[in-house]
Amino acid sequence: MTTSSSLSDWRVRHQASLDEARYNARVFFKDKLAVVGLVIIVVTIAVAVLAPHIAPYPAQGRGDSNLKERFQAPSTHHLMGTDNQGRDILSRVIYGARIPLIISFTVTAVIVIIGVPLGGIAGYYGGRVDEVVMRITDVFLAFPSLILAITFVAFLGPSIRNVMIAIVVSWWPWYTRLVRGVAVSLRERPYVEAARTMGVRNLTIIWRHILPNAFGPVIVQMTLDIGTVILAAAALSFIGLGAQAPTAEWGLMISEGKDYILQQWWIGTFAGLAIFILVLAFNFVGDGLRDVLDPRSKR
Amino acid sequence: MTIWAYVVRRIALAVLVLFGVATITFLMVRIVPSDPAAVYVGSNARPEQIAQARRDLGLDKPLYVQYGIYMKNLVKGDWGDSLRTKRPVLNDIMHFLPTSLELIITALVVATIVGVIFGVTTAHRKGTWIDLVMRVFSTGGVSIPAFWLALMLQIAFFRVLHLLPVAGQSDIFVAQAHPITAITGMPVVDALITGNWPAFTDSARHLVLPMLCLAAYPMGVIMRMTRSSMLEAMGNDYIRMARALGVPPRTLLYKDALKNAFGPVLTVIGLTFAYSLTGTFFVELIFAWPGLGYYATTSILSMDYPAIMGVTIMVAAAYVLVNLAVDLAQAFLDPRIALS
Amino acid sequence: MERWSSRPGRVAITAVLVVTVALLAVVLTAGCGSSNTSGTAPKADILRLAYTSTVTTWDPSASYSTEVVYMANLYEPLLYANPPGSTEPFSPALATSWEVAKDGLSWTFHLRQGVTFHDGTPFNADAVKYSIDRTKKLNLGAAYLWAPVKEVQVVDPYTVKMLLTYPVALDRIAAASSGSWMFSPATAVKSSKWWDAGHEDGTGPWTLQSYKPNQELVFVRNPKWWGTWSDNQYQKIVVEIVAEAGTQQQELEASQIDYAGLVARDQVDALAANPNIDVVKGQSWNSYLMFFNTQHKPLDNVKVRQALSYAVPYQDIITVAANGLGTQSKGPVPVGLWPNTQGTVTQYTTDLTKAKQLLSDAGYPNGGFTLNLTYAAENTLENSFAPVIKESFAKIGVKVNIQKLLWNQQWAKAKGPIAQRQDLFVLLWWPSLPDGYDNLNSMFRPETSPAWNLAYWYNTDFDKLLTEAYGLSAVPSGLEQSQQKYNEAQAMLVDQAPAAYLFDAQFVVAKLKTIALGTEAINPNYPQVLFWTKVTR
C-alpha cells in the first residue's frame with residue numbers, strides 16, 4: 001500500500017508536468033505523419049534487433065556468399081532478389097538496418113555531450129568565453145563537413161569507427177550554437193539572477209536552470225540530425241570509406257549495385273529505398289516533436 | 001552600433017574564420033600518417049628520390065616554418081602544385097569551379113522557385129490534404145540519398161524514357177562540331193552568350209539530371225522554411241490587422257507575408273548554397289560531371305594534399321562569403337536585425 | 001490592371017510554369033534532332049572512347065602509370081613485342097633491324113630513316129641516346145629497366161650500340177610498355193612543368209590536340225608519321241574520362257561512345273546480347289596474388305602457407321570477381337608469358353581436407369589464429385573476392401580480418417614497421433615488359449627495403465637460380481636451358497608458397513559493331529593499351 005500511496009503522492013506533486021506531457025502526446029499523435037514516422041522507426045529497430053530470427057537467410061545477411069544463385073531477380077524465393085555473390089537482398093536489407101541505427105544514435109549522443117555543455121557555458125558566461133567558443137564554432141561551421149569527413153577517413157583508413165569520429169568532429173558546433181542561444185536568453189531571467197545572488201555555483205546554475213530549458217530544441221534537433229547522420233554515413237560507405245564488405249550496410253549495398261543498376265536494378269534499389277524511408281521517418285518524427293517541444297522554432 | 005560598425009565587424013570575423021580554417025586544414029593534413037613526398041614521386045621511387053622530393057616540397061623544415069610559408073603563399077595566391085595533376089592547385093580549382101557553379105546555381109534557382117511556390121501554397125492551405133502531400137514531398141527532398149536519387153533518375157530518364165543523356169557534360173559529336181568558346185567556364189552560359197544553339201541545347205540536356213538531383217535537398221529546405229515563415233508572418237499582429245481591415249487575402253499572402261518571410265528564406269538559401277558545394281561530390285561522381293566535387297574526391301582518394309587543402313579553403317571561403325553577403329543584405333534591408 | 005495587380009502570385013506562377021514547360025520541351029525534344037548536326041569534322045572521322053585512365057605525368061621518362069594508354073599512341077619504342085602466338089617475337093618500330101653480340105654484352109640497333117618528331121626534329125641515333133640517357137638519369141618510373149645498359153654509343157646517324165654490364169634480353173626491354181619511348185632532344189630545355197601542362201613530343205601516329213584533366217583528351221593524326229594511313233582509319237580520337245563501369249556501359253548502349261575500356265565482368269553476357277555491341281575478351285598479363293607475410297607467425301611456417309594455399313577457393317574467386325573470365329594461375333608468371341612453366345609444375349587445388357591436415361601437422365589442428373588481409377580499395381575485383389577468401393579460411397578455423405585500404409595506404413603499411421604489417425596482401429600485378437622475369441625478380445628477390453617482395457621471403461637458392469636463368473635467356477641459344485632453370489625456380493615458389501597465386505585475368509572491353517579492332521589493336525604486352533591506328537570503321 002505504501003507504494004501506491006507514494007505513487008499518488010508523486011502524481012499530485014507532478015500534476016502539472018503530467019498534464020503537460022499528456023497534452024504534448026495528444027498534439028504529437030494528431031500529426032499523422034509523425035505517427036507514421038514513429039511506427040517506421042519502431043519497426044526498423046525491431047527488425048534490426050530481431051534480424052537473425054526474421055531474415056530468411058541469416059547467414060547471407062551476415063555476409064556468406066551463395067555463388068549458385070547469383071543475380072536472381074525478385075521472386076517468391078528471394079523477395080528482393082540476390083546480389084553478385086548470390087546473397088538474398090532482403091536478408092541483407094534487414095541486417096543492414098543495424099549499422100545506421102547504431103551509428104546515428106551513438107554519433108548524435110556524442111555530439112550532444114560535446115556541444116551542449118559548451119553552448120551552455122558560452123551563453124551563460126558571455127563575454128570573452130563566449131567570444132572564444134563561438135569563434136571556434138564559426139571556424140568548424142565554415143569547414144566543409146563532407147570534405148573534412150572524407151579526408152579524415154581517407155587518411156585514417158576506412159572503417160565505421162572513423163566515419164563516426166569524422167561526423168562528430170564536423171557536427172558538434174551546431175548544438176553549441178543552439179544551446180548558446182537558449183542560454184543567452186535565460187541568462188538575465190530573474191530566477192537565474194536569484195540563484196546567482198544566493199551564491200549557487202555557476203556550473204550548477206548551468207546544469208539546473210539553463211540546460212533543462214534547452215532540452216526541447218536539442219531533442220528536436222537530434223531527431224532531425226539522426227536522419228542527416230544516416231545519410232552522411234551511407235554516403236561515406238557508398239564511396240567505399242565506411243562499412244566494409246561483407247558487412248551488410250545500405251550505402252555499401254547501393255555501391256555494390258551501381259554497376260548493375262540497369263540490368264539487375266534490385267541490388268541497389270531496395271537498400272536506397274530503405275535509407276530513404278528510415279530518414280523520412282526520423283524527419284517526420286522530428287517535425288512532430290518540434291510542434292510539441294519547440295513551437296516557436298522556425299525551420 | 002551603427003550599420004557600418006556592424007559591416008566592419010562581420011567582415012573582420014569572416015577573415016578570422018578563414019584564417020582558422022586555413023590553420024586547421026594545414027594541421028589536419030600534416031599530422032596524418034601519410035608521406036606526401038612518396039605520393040609526389042610516384043611508384044617505384046627510391047628512398048633518396050623521396051628524400052629529394054621532401055626537400056623540394058619543403059617538408060624537411062620545422063612545422064612552424066612550413067606553416068609560415070604556407071600562409072604567406074596562400075595569401076599571395078600560390079596554393080602549391082597538385083601532386084597528381086602536377087599543375088597549380090588554384091588553376092585546377094578555377095578550371096573545375098565554374099562547371100560546379102553552373103550545376104549549383106541552376107539547382108538553387110529551380111529549388112528556390114519550386115520551394116517558394118510550394119511553400120506559399122502549403123502555408124495558405126495549412127491542414128488540407130495538399131499540405132500533407134506537399135509536406136511528404138518537401139521532407140522527401142531532404143531525406144533522399146543524393147547518390148541513390150542519381151541512379152534512379154538515370155534509370156527513369158535514360159533507360160526507360162530515353163529522354164536525357166545518362167552522364168557527362170556534352171555529346172562528343174556536338175562538342176567537336178560546335179566547340180564552345182570559354183568565357184565564364186560554364187558551358188550552358190557560354191553557349192548561350194555566344195549564340196551557339198546546338199551546343200546550348202546539348203549542354204542543357206546534360207545539365208538536367210544532375211541539376212534535379214542536386215536541387216532535391218535545397219528544394220525541401222526552402223519549401224519548409226517558406227511555409228513556416230509564412231505561417232509565422234500570417235500570425236503577426238499587423239497582418240491580422242490588415243485582414244480585419246479587409247485587405248484581400250491574396251495580396252496579404254503574396255505581398256506582405258512573403259516580404260516578411262524573405263529574410264529567413266534568404267538565409268536558408270545562403271546555407272544550402274554552401275551545402276550544395278559539397279553536395280555536388282556524389283552527383284558529379286555518378287554523372288561523370290567534371291567539376292570541383294569530382295576533382296576533390298579524386299584528390300582525396302590519391303592523398304593529394306595541396307589539392308585537398310585548396311578545395312577545403314575554397315569551399316570554406318565560398319561558405320563564409322555567401323553568408324556574409326546574406327547577412328549584409330539583410331542588414332541593409334532590415335537594420336533592426338543587425339543592431340539587435 | 002487592378003485585377004492583375006491583386007494576383008501577382010498567380011501571374012508569377014503561371015509565368016514560371018510556361019517558361020519551365022517551354023524550356024523542358026526544347027531540351028527534351030532537342031535530343032531527337034541533334035543527330036543532324038553539321039560541322040567542321042564529319043562524325044565518321046571521330047572515334048569516341050571512354051577510359052578511366054587519368055594522366056599522372058606527361059613526361060615520357062617518368063610515365064609508369066595509367067597514362068601509358070595515351071603515351072603508347074603518341075610515342076614509339078625501338079621495337080614492338082608481338083602478341084603471343086606470333087611467328088616473330090618482335091616487330092620493327094623505330095629500329096628496322098638489330099643484333100646482339102655473341103657474348104650478349106652489346107646490342108646494335110639500325111634505325112628507321114626519314115622519321116621526325118612531332119616538333120619537326122629529325123629522329124636519329126642522337127635522339128635515341130638522348131632519350132635513354134635522360135630516362136636513366138631521371139631514374140623514375142620504369143627507368144630501372146635500363147639498369148643493365150652501361151652506355152649508349154652513337155655509331156653513325158642511324159646506328160646505335162648499347163653496351164651492357166651483364167647480358168640481358170635487351171630486345172624485351174627496348175619493347176617495354178613503359179620507359180621505352182623515344183622523344184625529341186629539342187625538349188631538353190623544357191622543365192617537368194612544361195610536360196605536365198599537357199605537352200608531348202614523340203614520333204607516334206597521333207598528336208595531342210587538347211587536354212582537360214579528369215575530363216577529355218583529343219588527339220589528331222600526325223600527318224608526318226612514317227607509317228601509312230588508310231581511308232578507313234579515324235582522323236580524330238576523343239577520349240572521355242568516365243570513372244564508373246556502369247556509366248560507360250550505358251553510354252555505349254546509347255551509342256554515345258564507340259568503345260568502353262572498363263566493363264563490369266558480370267555485365268558481359270547482358271552486353272553481348274545487345275545486337276549493336278561486341279564484347280572483346282582476351283589474354284592479358286594481369287594476375288592476382290596474395291602474399292603471405294613470412295615474417296609473421298604462424299605464416300613463417302611453410303606448412304601453414306601450404307595449408308592456406310589449399311584453402312583458397314580458386315574457382316569461386318574467378319566466378320565472383322571475374323564472372324569466369326580468368327583461369328587459376330600456374331605460379332606467378334601468367335600462362336602465355338615467357339617463362340611460364342607450361343604445366344610442368346603441380347599447382348594447389350582447393351582441398352579443405354588437405355588444408356586441415358597440413359594445419360594440424362604444423363601444430364594448429366583447428367586453425368585458431370587470426371590473419372589481417374589488406375587489399376586496394378580502388379580495385380573492384382579485389383573488393384568482390386576478398387570476402388570469399390575470408391569465408392573459405394573460416395572453414396579451416398582461420399579467421400580473417402579484411403582491411404580495405406587505398407592503394408597508397410595498403411602499400412605504405414606493407415613497407416612500414418614489421419609488427420604493423422599485414423599478414424595477407426592481395427595484389428594485382430602486371431609486368432612492365434614482355435618478360436615474366438619482371439614478375440619473379442620484382443616480387444620474390446631479396447630487397448634491402450621492401451618494395452614489391454611483400455611476402456618478405458628471402459631465399460638464396462631461388463635468388464641464384466633466377467640470376468642464372470635470366471643470364472641464359474639473354475641469347476636465343478640459351479633459352480631452353482633458361483626455361484629449365486626458371487621451372488626449377490618457380491617450382492620452389494609453389495612449394496615454399498610465399499604467396500598464393502590466385503588467377504590470371506582476361507581483359508574485357510566492349511565496342512559498337514560499327515568499329516573494327518584490328519588483330520594488333522590490343523596486345524597483352526602493352527597492358528590496357530588500345531592502338532588507335534589499328535581501329536577502323
# chains A, B, ... in the order shown; residues from 1 in each chain; ligands from 1
call {"tool": "residues_around", "arguments": {"residues": "Val426 of chain C", "least_positions_apart": "3", "cutoff": "7 Å", "atoms": "only C-alpha atoms", "output": "ChimeraX atom specification"}}
result
/C:289-291,374-375
call {"tool": "write_last_selection", "arguments": {"atoms": "all heavy atoms", "output": "PDB file, in the first residue's frame"}}
result
ATOM      1  N   LEU C 289      47.610 -12.045 -56.959  1.00  0.00           N
ATOM      2  CA  LEU C 289      48.301 -12.899 -55.996  1.00  0.00           C
ATOM      3  C   LEU C 289      47.918 -12.464 -54.590  1.00  0.00           C
ATOM      4  O   LEU C 289      47.407 -11.356 -54.389  1.00  0.00           O
ATOM      5  CB  LEU C 289      49.814 -12.745 -56.050  1.00  0.00           C
ATOM      6  CG  LEU C 289      50.617 -12.741 -57.312  1.00  0.00           C
ATOM      7  CD1 LEU C 289      50.603 -11.380 -57.928  1.00  0.00           C
ATOM      8  CD2 LEU C 289      52.033 -13.150 -56.973  1.00  0.00           C
ATOM      9  N   MET C 290      48.234 -13.340 -53.629  1.00  0.00           N
ATOM     10  CA  MET C 290      48.071 -12.957 -52.243  1.00  0.00           C
ATOM     11  C   MET C 290      49.348 -13.338 -51.513  1.00  0.00           C
ATOM     12  O   MET C 290      49.658 -14.516 -51.357  1.00  0.00           O
ATOM     13  CB  MET C 290      46.857 -13.650 -51.634  1.00  0.00           C
ATOM     14  CG  MET C 290      46.620 -13.260 -50.182  1.00  0.00           C
ATOM     15  SD  MET C 290      45.026 -13.860 -49.590  1.00  0.00           S
ATOM     16  CE  MET C 290      45.334 -15.607 -49.489  1.00  0.00           C
ATOM     17  N   PHE C 291      50.125 -12.336 -51.088  1.00  0.00           N
ATOM     18  CA  PHE C 291      51.377 -12.597 -50.373  1.00  0.00           C
ATOM     19  C   PHE C 291      51.087 -13.043 -48.941  1.00  0.00           C
ATOM     20  O   PHE C 291      50.244 -12.462 -48.263  1.00  0.00           O
ATOM     21  CB  PHE C 291      52.229 -11.322 -50.307  1.00  0.00           C
ATOM     22  CG  PHE C 291      52.840 -10.918 -51.608  1.00  0.00           C
ATOM     23  CD1 PHE C 291      52.376  -9.808 -52.294  1.00  0.00           C
ATOM     24  CD2 PHE C 291      53.894 -11.632 -52.144  1.00  0.00           C
ATOM     25  CE1 PHE C 291      52.956  -9.421 -53.491  1.00  0.00           C
ATOM     26  CE2 PHE C 291      54.481 -11.251 -53.339  1.00  0.00           C
ATOM     27  CZ  PHE C 291      54.000 -10.149 -54.013  1.00  0.00           C
ATOM     28  N   THR C 374      44.906  -7.252 -46.404  1.00  0.00           N
ATOM     29  CA  THR C 374      44.686  -5.923 -46.984  1.00  0.00           C
ATOM     30  C   THR C 374      44.517  -6.039 -48.493  1.00  0.00           C
ATOM     31  O   THR C 374      45.113  -6.904 -49.128  1.00  0.00           O
ATOM     32  CB  THR C 374      45.864  -4.964 -46.711  1.00  0.00           C
ATOM     33  OG1 THR C 374      47.043  -5.476 -47.315  1.00  0.00           O
ATOM     34  CG2 THR C 374      46.099  -4.776 -45.233  1.00  0.00           C
ATOM     35  N   TYR C 375      43.688  -5.171 -49.035  1.00  0.00           N
ATOM     36  CA  TYR C 375      43.578  -5.070 -50.487  1.00  0.00           C
ATOM     37  C   TYR C 375      43.317  -3.621 -50.865  1.00  0.00           C
ATOM     38  O   TYR C 375      43.013  -2.788 -50.021  1.00  0.00           O
ATOM     39  CB  TYR C 375      42.502  -6.006 -51.036  1.00  0.00           C
ATOM     40  CG  TYR C 375      41.077  -5.605 -50.764  1.00  0.00           C
ATOM     41  CD1 TYR C 375      40.381  -4.788 -51.653  1.00  0.00           C
ATOM     42  CD2 TYR C 375      40.416  -6.049 -49.636  1.00  0.00           C
ATOM     43  CE1 TYR C 375      39.068  -4.426 -51.420  1.00  0.00           C
ATOM     44  CE2 TYR C 375      39.113  -5.693 -49.382  1.00  0.00           C
ATOM     45  CZ  TYR C 375      38.439  -4.882 -50.276  1.00  0.00           C
ATOM     46  OH  TYR C 375      37.137  -4.523 -50.031  1.00  0.00           O
TER      47      TYR C 375
END
call {"tool": "select_by_dssp", "arguments": {"residues": "segment 15-209 of chain B", "states": "helix (DSSP H, G or I)", "output": "PyMOL selection string"}}
result
chain B and resi 15-31+36-41+47-56+63-76+89-124+129-143+146-160+172-177+187-193+197-209
call {"tool": "interface_residues", "arguments": {"of": "chain B", "to": "chain A", "cutoff": "6 Å", "atoms": "only C-alpha atoms", "output": "number ranges by chain"}}
result
B: 17, 20-21, 143-144, 148, 225, 300, 316
call {"tool": "residues_around", "arguments": {"residues": "Ala261 of chain B", "least_positions_apart": "4", "cutoff": "8 Å", "atoms": "only C-alpha atoms", "output": "list of chain:residue names"}}
result
B:Thr226, B:Ser229, B:Met230, B:Ala233, B:Ala257, B:Val265
call {"tool": "interface_residues", "arguments": {"of": "chain C", "to": "chain A", "cutoff": "8 Å", "atoms": "only C-alpha atoms", "output": "MDAnalysis selection string"}}
result
chainID C and resid 244:247 264 266:267 270 316 319:320 377 383 387:388 391 403:406 409
call {"tool": "residues_around", "arguments": {"residues": "segment 120-127 of chain C", "least_positions_apart": "4", "cutoff": "9 Å", "atoms": "only C-alpha atoms", "output": "tab-separated table (two decimals) with all heavy atoms, in the first residue's frame"}}
result
chain	number	residue	atom	x	y	z
C	94	LEU	N	60.90	1.89	-84.36
C	94	LEU	CA	61.86	2.91	-84.76
C	94	LEU	C	63.21	2.29	-85.13
C	94	LEU	O	64.05	2.94	-85.73
C	94	LEU	CB	62.01	3.95	-83.66
C	94	LEU	CG	60.77	4.82	-83.46
C	94	LEU	CD1	60.96	5.79	-82.30
C	94	LEU	CD2	60.43	5.59	-84.74
C	110	HIS	N	69.71	-0.69	-85.80
C	110	HIS	CA	69.73	0.13	-87.01
C	110	HIS	C	68.40	0.86	-87.09
C	110	HIS	O	67.34	0.23	-87.03
C	110	HIS	CB	69.96	-0.74	-88.24
C	110	HIS	CG	71.23	-1.55	-88.10
C	110	HIS	ND1	72.48	-1.03	-88.33
C	110	HIS	CD2	71.42	-2.83	-87.71
C	110	HIS	CE1	73.39	-1.96	-88.09
C	110	HIS	NE2	72.78	-3.07	-87.71
C	111	LEU	N	68.47	2.17	-87.21
C	111	LEU	CA	67.27	2.97	-87.02
C	111	LEU	C	66.55	3.29	-88.33
C	111	LEU	O	67.16	3.35	-89.39
C	111	LEU	CB	67.63	4.28	-86.32
C	111	LEU	CG	68.41	4.12	-85.01
C	111	LEU	CD1	68.74	5.48	-84.42
C	111	LEU	CD2	67.62	3.29	-84.00
C	112	ARG	N	65.27	3.51	-88.19
C	112	ARG	CA	64.44	3.90	-89.33
C	112	ARG	C	64.82	5.31	-89.78
C	112	ARG	O	65.03	6.19	-88.95
C	112	ARG	CB	62.97	3.84	-88.91
C	112	ARG	CG	61.98	3.93	-90.03
C	112	ARG	CD	60.56	3.79	-89.49
C	112	ARG	NE	60.29	2.44	-88.95
C	112	ARG	CZ	59.98	1.39	-89.69
C	112	ARG	NH1	59.92	1.51	-91.00
C	112	ARG	NH2	59.75	0.22	-89.14
C	113	GLN	N	64.89	5.50	-91.08
C	113	GLN	CA	65.27	6.82	-91.58
C	113	GLN	C	64.04	7.60	-92.03
C	113	GLN	O	63.01	7.01	-92.34
C	113	GLN	CB	66.25	6.67	-92.74
C	113	GLN	CG	67.46	5.84	-92.32
C	113	GLN	CD	68.63	5.94	-93.26
C	113	GLN	OE1	68.62	6.74	-94.19
C	113	GLN	NE2	69.65	5.13	-93.03
C	114	GLY	N	64.18	8.92	-92.04
C	114	GLY	CA	63.09	9.77	-92.52
C	114	GLY	C	61.97	9.96	-91.51
C	114	GLY	O	60.87	10.36	-91.86
C	115	VAL	N	62.26	9.66	-90.24
C	115	VAL	CA	61.24	9.85	-89.20
C	115	VAL	C	61.50	11.19	-88.51
C	115	VAL	O	62.64	11.56	-88.28
C	115	VAL	CB	61.34	8.70	-88.16
C	115	VAL	CG1	60.35	8.93	-87.02
C	115	VAL	CG2	61.10	7.36	-88.83
C	116	THR	N	60.43	11.93	-88.24
C	116	THR	CA	60.60	13.17	-87.47
C	116	THR	C	59.71	13.13	-86.24
C	116	THR	O	58.68	12.48	-86.22
C	116	THR	CB	60.23	14.42	-88.29
C	116	THR	OG1	58.90	14.25	-88.77
C	116	THR	CG2	61.17	14.64	-89.44
C	131	SER	N	67.21	10.07	-75.37
C	131	SER	CA	66.02	9.55	-74.67
C	131	SER	C	66.40	8.58	-73.56
C	131	SER	O	65.95	8.69	-72.42
C	131	SER	CB	65.09	8.85	-75.67
C	131	SER	OG	64.64	9.75	-76.64
C	132	ILE	N	67.27	7.61	-73.91
C	132	ILE	CA	67.61	6.59	-72.92
C	132	ILE	C	68.43	7.21	-71.79
C	132	ILE	O	68.20	6.93	-70.61
C	132	ILE	CB	68.35	5.42	-73.58
C	132	ILE	CG1	67.38	4.73	-74.57
C	132	ILE	CG2	68.84	4.42	-72.54
C	132	ILE	CD1	68.02	3.63	-75.39
C	153	GLN	N	76.04	4.16	-77.39
C	153	GLN	CA	77.02	4.77	-78.29
C	153	GLN	C	76.36	5.11	-79.62
C	153	GLN	O	75.63	4.29	-80.17
C	153	GLN	CB	78.18	3.80	-78.56
C	153	GLN	CG	79.06	3.59	-77.35
C	153	GLN	CD	80.19	2.64	-77.65
C	153	GLN	OE1	80.14	1.86	-78.61
C	153	GLN	NE2	81.23	2.70	-76.84
C	154	VAL	N	76.66	6.30	-80.15
C	154	VAL	CA	76.20	6.68	-81.48
C	154	VAL	C	77.25	6.21	-82.47
C	154	VAL	O	78.37	6.73	-82.50
C	154	VAL	CB	76.01	8.21	-81.58
C	154	VAL	CG1	75.60	8.61	-82.98
C	154	VAL	CG2	74.96	8.66	-80.56
C	155	VAL	N	76.90	5.20	-83.26
C	155	VAL	CA	77.87	4.65	-84.22
C	155	VAL	C	77.88	5.51	-85.48
C	155	VAL	O	78.91	5.97	-85.94
C	155	VAL	CB	77.55	3.18	-84.56
C	155	VAL	CG1	78.53	2.64	-85.59
C	155	VAL	CG2	77.55	2.34	-83.30
C	156	ASP	N	76.72	5.75	-86.04
C	156	ASP	CA	76.54	6.69	-87.13
C	156	ASP	C	75.13	7.24	-86.96
C	156	ASP	O	74.41	6.82	-86.06
C	156	ASP	CB	76.77	6.01	-88.50
C	156	ASP	CG	75.73	4.96	-88.81
C	156	ASP	OD1	74.51	5.24	-88.67
C	156	ASP	OD2	76.12	3.82	-89.18
C	157	PRO	N	74.70	8.22	-87.79
C	157	PRO	CA	73.41	8.86	-87.53
C	157	PRO	C	72.25	7.88	-87.39
C	157	PRO	O	71.25	8.19	-86.75
C	157	PRO	CB	73.22	9.77	-88.75
C	157	PRO	CG	74.60	10.11	-89.18
C	157	PRO	CD	75.44	8.90	-88.87
C	158	TYR	N	72.34	6.70	-87.98
C	158	TYR	CA	71.22	5.77	-87.90
C	158	TYR	C	71.61	4.42	-87.30
C	158	TYR	O	70.97	3.42	-87.58
C	158	TYR	CB	70.56	5.62	-89.28
C	158	TYR	CG	69.90	6.92	-89.70
C	158	TYR	CD1	70.50	7.78	-90.61
C	158	TYR	CD2	68.71	7.31	-89.11
C	158	TYR	CE1	69.93	8.98	-90.94
C	158	TYR	CE2	68.12	8.52	-89.44
C	158	TYR	CZ	68.72	9.35	-90.34
C	158	TYR	OH	68.14	10.54	-90.65
C	159	THR	N	72.64	4.41	-86.50
C	159	THR	CA	73.03	3.18	-85.80
C	159	THR	C	73.43	3.51	-84.36
C	159	THR	O	74.21	4.44	-84.13
C	159	THR	CB	74.23	2.50	-86.49
C	159	THR	OG1	73.96	2.45	-87.89
C	159	THR	CG2	74.45	1.10	-85.95
C	160	VAL	N	72.84	2.78	-83.42
C	160	VAL	CA	73.29	2.92	-82.03
C	160	VAL	C	73.75	1.57	-81.51
C	160	VAL	O	73.24	0.51	-81.92
C	160	VAL	CB	72.20	3.46	-81.07
C	160	VAL	CG1	71.96	4.93	-81.28
C	160	VAL	CG2	70.94	2.65	-81.21
C	182	MET	N	60.85	6.97	-77.27
C	182	MET	CA	61.83	7.89	-77.85
C	182	MET	C	61.17	9.26	-77.96
C	182	MET	O	60.04	9.37	-78.47
C	182	MET	CB	62.25	7.40	-79.24
C	182	MET	CG	62.94	6.04	-79.22
C	182	MET	SD	64.47	6.13	-78.26
C	182	MET	CE	64.33	4.64	-77.27
C	183	PHE	N	61.88	10.28	-77.50
C	183	PHE	CA	61.30	11.63	-77.57
C	183	PHE	C	62.35	12.63	-78.03
C	183	PHE	O	63.55	12.35	-78.02
C	183	PHE	CB	60.69	12.02	-76.23
C	183	PHE	CG	61.55	11.70	-75.04
C	183	PHE	CD1	62.46	12.61	-74.57
C	183	PHE	CD2	61.45	10.46	-74.42
C	183	PHE	CE1	63.27	12.30	-73.48
C	183	PHE	CE2	62.26	10.14	-73.35
C	183	PHE	CZ	63.17	11.06	-72.87
C	184	SER	N	61.88	13.79	-78.43
C	184	SER	CA	62.72	14.75	-79.14
C	184	SER	C	63.78	15.38	-78.24
C	184	SER	O	63.46	15.86	-77.15
C	184	SER	CB	61.84	15.84	-79.74
C	184	SER	OG	62.64	16.89	-80.19
C	185	PRO	N	65.03	15.42	-78.72
C	185	PRO	CA	66.08	16.10	-77.95
C	185	PRO	C	65.81	17.59	-77.80
C	185	PRO	O	66.38	18.23	-76.93
C	185	PRO	CB	67.34	15.86	-78.79
C	185	PRO	CG	67.01	14.77	-79.74
C	185	PRO	CD	65.55	14.82	-79.96
C	186	ALA	N	64.93	18.14	-78.65
C	186	ALA	CA	64.61	19.56	-78.54
C	186	ALA	C	63.93	19.88	-77.21
C	186	ALA	O	63.87	21.03	-76.79
C	186	ALA	CB	63.71	19.98	-79.69
C	203	THR	N	57.20	10.41	-81.83
C	203	THR	CA	57.18	10.18	-83.27
C	203	THR	C	55.89	9.48	-83.68
C	203	THR	O	55.70	9.17	-84.85
C	203	THR	CB	58.34	9.25	-83.67
C	203	THR	OG1	58.19	8.03	-82.94
C	203	THR	CG2	59.68	9.87	-83.35
C	224	LYS	N	52.80	13.63	-90.51
C	224	LYS	CA	54.16	13.30	-90.94
C	224	LYS	C	54.59	11.91	-90.45
C	224	LYS	O	55.76	11.56	-90.53
C	224	LYS	CB	55.14	14.36	-90.43
C	224	LYS	CG	54.97	15.71	-91.11
C	224	LYS	CD	55.89	16.76	-90.52
C	224	LYS	CE	55.44	17.13	-89.11
C	224	LYS	NZ	56.24	18.19	-88.50
call {"tool": "interface_residues", "arguments": {"of": "chain B", "to": "chain C", "cutoff": "8 Å", "atoms": "only C-alpha atoms", "output": "PyMOL selection string"}}
result
chain B and resi 34+39+41-45+84-87+117+163-164+166-167+171-174+176-178+198+201-202+204-205+248+250-251+254+285-288+290+295+301-302
